[in-house]
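To start, the structure itself, in structure tokens.
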Amino acid sequence: MKQVKEIENRTFSEVISGIIASTDELASISKSSETEKEMFNELALVLERIPPIFSDLREYDKIMDTPSIRKAVGSLEKEIMRAKCLINVPNQKMKHVESIAHDLGRSLGLVLFATAEVSTQFKAKIGELHKELMNLKFSENCSPTSTSTSSRTTEFVCDLRVEEIEEQQISTRVCDIAHHLKYGNDDEFKLAVVGLKELIHNKNVDDEWLNEEGIVSILLNRMDSSKSANQSIIIQVLRYLVWNSPASKGLISNVGALSTLVKSLAGDEEERREAVGLLLELSDLVNVRRRLGRVQGCIVMLVAILNGDDQIASCNARKLLNVLSVNTQNVLHMAEAGYFKPMVQHLKEGSDMNKILMATGLSRMEHTEQSKASLGEEGAIEPLVQMFRTEKLEAKLSALSALQSLSGLNENVQRLIDSGMVISLLQLLFSVTSVLMTLREPAAAILARMSESESFLMNHEMALQMLSLLNLSSPVIQNHLLQALNNIVANSSALEVRINMVENGAIQLLFPFVMENNTKIKSGALKLLYTLSKDAPEELEESQISVILSIISSTSCKAERVFAVGILSNVSVTQKKATDMLRKANLLPILISIMNSSLANSDVYVSLLSESVAGLLVQFTNPFDRKLQLHSAEQGVIPLLVKLLSSKSAIAQCKAATSLAQLSQNSLSLSKSRTTRWLCVPYSKDSVCEVHGRQCFIKTTFCLVKADAIPPMIQILEGKEREVDEAVLSALTTLLEDEICDNGSKYIVKMCGVQGILKVLGSGHIDTQQKALWILERIFRIEEHGVQYGETAWSVLVDLSKKGDSSLESAIAKVLQQLELFQLQ
């Protein structure tokens with residue numbers, strides 16, 4: 001104690017000077033040793049390198065003078081003093097010299113640890129000396145020169161003295177370490193933990209001391225308050241304790257200790273790795289396995305580590321999760337965290353009760369697309385299907401609920417179809433056994449999901465079977481069946497199925513459902529009727545049309561209105577009675593209002609509604625019913641049709657262009673009749689149409705020019721889609737009748753329409769190309785147009801003559817001949 005006080009009273013510079021002097025003295029004594037000169041000379045060479053390094057420390061006097069560094073330096077000074085004592089003992093054995101070197105090396109290690117953040121250069125030099133001293137070894141041929149009794153006695157005394165000093169040193173270190181573990185600041189605690197690790201490794205402490213001092217509790221308590229840098233070291237020491245002191249396992253297995261360790265799973269990489277390793281070591285205790293899964297966040301963090309980049313930690317996390325998976329509750333927690341392998345294992349190989357627990361838990365989870373995919377890939381579908389096919393009701397119900405949760409993914413749907421579940425589900429829906437009634441709803445829901453797959457439509461009778469179930473089912477099941485039927489009939493290869501359904505009375509069977517109060521069922525039935533009526537428009541009766549009309553005018557549900565309008569748009573144009581019904585029901589103002597509202601608000605149903613309304617307007621613009629056309633124009637149909645030319649739906653554009661073409665067919669005759677009628681009344685120049693040459697108005701002569709319909713039509717021709725071209729060209733031909741051909745040609749050229757027509761000519765359908773050639777032939781009758789576009793048109797026409805259909809040859813030749821005449825002139 002006196003020596004310690006003296007060290008504390010000296011300045012740091014004085015302490016360093018003392019170490020330098022003592023080391024020099026120790027090196028000198030080593031060189032002058034009369035016995036084992038070779039060993040002592042080698043030791044002296046290493047010792048001589050210490051003073052210059054410590055001399056540099058004087059430059060860091062202010063920053064180095066800390067309690068932890070003083071403590072480490074003091075320990076080194078004591079070790080040097082002890083070494084001097086041991087060297088003076090005669091007839092030293094090799095192991096004693098090695099012991100001196102190693103003890104000095106350990107003391108240098110403490111100095112290295114304490115000064116690690118002060119000087120990188122100092123750290124490197126001390127680190128090198130530390131390694132050399134710790135690795136210093138001497139061969140066995142260095143032995144005492146005398147074998148006399150006196151020499152052996154001296155050697156024995158020396159051994160006793162050395163052992164006594166070593167024991168005293170260990171005892172002192174143990175006491176110091178215990179003290180600093182309990183009361184030291186962070187730096188002192190860190191040094192003490194490193195020292196404790198060394199004591200355990202060298203087996204210099206026993207279970208009794210560990211228990212008396214409460215070392216495990218101290219370490220666990222300090223984990224919560226220590227700096228993050230200390231956490232991994234503490235856990236390393238706890239792992240050493242577990243390896244070297246089995247009794248320590250029990251002390252770390254309580255809930256509090258496990259909770260503390262679980263927190264370290266969220267630490268830095270090294271801390272996480274050590275924590276997972278320690279928990280894995282402890283997991284062979286039953287108590288640990290039982291308690292660990294209950295610690296909040298444990299399983300979630302283990303799954304995160306499992307999926308992390310640290311391969312060692314990931315491997316240990318997997319092993320630990322597998323150990324914990326014997327508990328079903330833990331397995332459910334793992335699944336909630338996204339690790340499904342144990343759950344699938346239980347579904348495949350667990351007891352009946354375990355399988356039910358897993359399936360029930362799976363059905364109650366919120367699943368992402370990724371989790372559904374993972375469960376499918378892990379093989380969850382097959383055992384769930386097997387569970388459904390058992391006789392136990394509880395197993396059937398839990399399996400169906402789980403399959404319903406997983407069926408939202410296309411890949412899982414395909415697995416279900418491949419397993420033969422379609423027939424099993426249909427059989428269940430036809431069952432009248434009371435105990436199975438609770439299974440019908442999830443069965444219908446799964447069928448609805450499965451029907452979205454292209455491969456679902458294997459049996460054409462399946463749709464009829466579902467249709468026959470509608471009247472025998474609850475509203476929930478009816479809704480699922482209607483979803484399934486809508487998915488089936490929407491399939492591109494389901495034409496035969498649709499025709500078969502209509503022939504078997506599907507339209508008559510479905511109409512009662514469009515008068516339901518349940519919105520989902522009503523919308524589903526209307527959607528199905530809309531699809532079926534496309535292939536059988538004549539099947540709609542007047543009474544059914546009346547019902548649809550009442551829905552359009554009264555419903556507040558957008559989906560119902562859209563599908564109801566769609567059904568009416570499928571009514572055949574030749575059904576004059578039906579069209580008269582629609583006119584008398586004052587349908588047009590309702591349609592225009594609905595359409596304008598949807599276009600303004602970008603409604604989700606806008607494309608389908610646009611197609612349906614445009615289809616209906618084709619009926620109301622029949623070119624052979626001028627009275628109906630006038631009625632339609634008066635209601636404001638033409639501006640709406642022009643808007644629909646800019647629709648995102650090609651079908652809506654095509655039908656709108658068709659309607660405008662039908663109206664324009666009568667424009668010339670209507671403008672003539674108005675001129676004759678109002679001949680005595682002067683008219684303004686603004687009302688004169690530059691194509692028809694007479695007074696034109698949108699509502700009375702249906703003039704496309706006055707309606708500004710030509711620019712959006714030309715824009716369609718210049719676009720990439722070719723579906724609407726023929727309808728647009730049909731509309732343009734109405735401007736090129738013989739009487740107004742020149743005016744129409746000039747107007748189309750003025751609107752820059754020739755480029756669009758040439759584009760269609762190069763890539764359109766044969767019927768479209770025929771119309772384009774007819775229009776170009778009329779436009780190029782005017783020499784000015786031929787000169788302006790002749791060169792561009794010539795290359796397109798020549799290319800078409802080589803690659804186009806042979807039926808176009810005469811029309812192409814006619815236009816080329818015109819252009820050639822202009823070139824000759």
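Following the order of the structure tokens, chains are lettered A, B, ..., residues in each are numbered from 1, and ligands are numbered from 1.
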
Set the distance at 10 Å and use only C-alpha atoms: which residues neighbour Gly524 of chain A once local chain neighbours fewer than 2 positions away are removed? I'd like the list as a count of residues only.
24

Need to verify the contact set: Val728 of chain A, 9 Å, only C-alpha atoms, exclusion of same-chain residues closer than 6 positions in sequence. Can you return it as a list in words?
Gln653, Cys654, Ala657, Thr658, Leu660, Ala661, Ile710, Met713, Ile714, Ile716 and Leu717 of chain A

Write the residues of the preceding selection, restricted to N, CA, C and O atoms, as an mmCIF file, in the first residue's frame.
data_model
loop_
_atom_site.group_PDB
_atom_site.id
_atom_site.type_symbol
_atom_site.label_atom_id
_atom_site.label_comp_id
_atom_site.auth_asym_id
_atom_site.auth_seq_id
_atom_site.Cartn_x
_atom_site.Cartn_y
_atom_site.Cartn_z
ATOM 1 N N GLN A 653 -63.336 5.875 -78.699
ATOM 2 C CA GLN A 653 -62.969 6.735 -79.817
ATOM 3 C C GLN A 653 -63.592 6.229 -81.122
ATOM 4 O O GLN A 653 -64.140 7.001 -81.918
ATOM 5 N N CYS A 654 -63.502 4.924 -81.324
ATOM 6 C CA CYS A 654 -64.008 4.311 -82.550
ATOM 7 C C CYS A 654 -65.522 4.499 -82.685
ATOM 8 O O CYS A 654 -66.027 4.890 -83.746
ATOM 9 N N ALA A 657 -66.336 8.198 -83.357
ATOM 10 C CA ALA A 657 -66.071 8.551 -84.757
ATOM 11 C C ALA A 657 -67.143 7.973 -85.669
ATOM 12 O O ALA A 657 -67.566 8.627 -86.640
ATOM 13 N N THR A 658 -67.598 6.764 -85.365
ATOM 14 C CA THR A 658 -68.663 6.130 -86.159
ATOM 15 C C THR A 658 -69.951 6.956 -86.076
ATOM 16 O O THR A 658 -70.613 7.200 -87.096
ATOM 17 N N LEU A 660 -70.242 10.173 -85.361
ATOM 18 C CA LEU A 660 -70.049 11.445 -86.061
ATOM 19 C C LEU A 660 -70.111 11.240 -87.579
ATOM 20 O O LEU A 660 -70.647 12.099 -88.315
ATOM 21 N N ALA A 661 -69.567 10.129 -88.066
ATOM 22 C CA ALA A 661 -69.641 9.820 -89.503
ATOM 23 C C ALA A 661 -71.098 9.639 -89.932
ATOM 24 O O ALA A 661 -71.507 10.117 -91.002
ATOM 25 N N ILE A 710 -62.749 17.660 -86.656
ATOM 26 C CA ILE A 710 -61.689 17.177 -87.539
ATOM 27 C C ILE A 710 -60.317 17.162 -86.865
ATOM 28 O O ILE A 710 -59.570 16.177 -87.002
ATOM 29 N N MET A 713 -59.725 14.092 -84.836
ATOM 30 C CA MET A 713 -59.694 12.917 -85.712
ATOM 31 C C MET A 713 -58.321 12.773 -86.366
ATOM 32 O O MET A 713 -57.763 11.670 -86.449
ATOM 33 N N ILE A 714 -57.773 13.889 -86.826
ATOM 34 C CA ILE A 714 -56.446 13.855 -87.455
ATOM 35 C C ILE A 714 -55.387 13.461 -86.424
ATOM 36 O O ILE A 714 -54.431 12.730 -86.736
ATOM 37 N N ILE A 716 -55.804 11.405 -84.023
ATOM 38 C CA ILE A 716 -55.903 9.948 -83.901
ATOM 39 C C ILE A 716 -55.108 9.271 -85.023
ATOM 40 O O ILE A 716 -54.366 8.306 -84.802
ATOM 41 N N LEU A 717 -55.226 9.791 -86.250
ATOM 42 C CA LEU A 717 -54.499 9.201 -87.386
ATOM 43 C C LEU A 717 -52.981 9.319 -87.197
ATOM 44 O O LEU A 717 -52.225 8.450 -87.637
#

Tell me, which residues of segment 239-324 of chain A carry DSSP helix (DSSP H, G or I), written as a ChimeraX atom specification?
/A:239-244,247-252,255-266,269-282,286-292,298-306,311-324

Within 7 Å of segment 767-770 of chain A, counting only C-alpha atoms, which residues qualify if same-chain residues fewer than 3 places away don't, as a PDB file with C-alpha atoms, in the first residue's frame?
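Result file selection_6.pdb:
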ATOM      1  CA  ASP A 725     -58.421   4.699 -88.165  1.00  0.00           C
ATOM      2  CA  GLU A 726     -61.196   3.187 -90.269  1.00  0.00           C
ATOM      3  CA  VAL A 760     -52.344   4.960 -92.005  1.00  0.00           C
ATOM      4  CA  LEU A 761     -51.607   3.958 -95.585  1.00  0.00           C
ATOM      5  CA  GLY A 764     -53.095   0.173 -91.493  1.00  0.00           C
ATOM      6  CA  LEU A 773     -56.384   5.669-101.014  1.00  0.00           C
ATOM      7  CA  TRP A 774     -59.895   6.859-101.921  1.00  0.00           C
ATOM      8  CA  LEU A 808     -54.994  -2.348-103.612  1.00  0.00           C
TER       9      LEU A 808
END
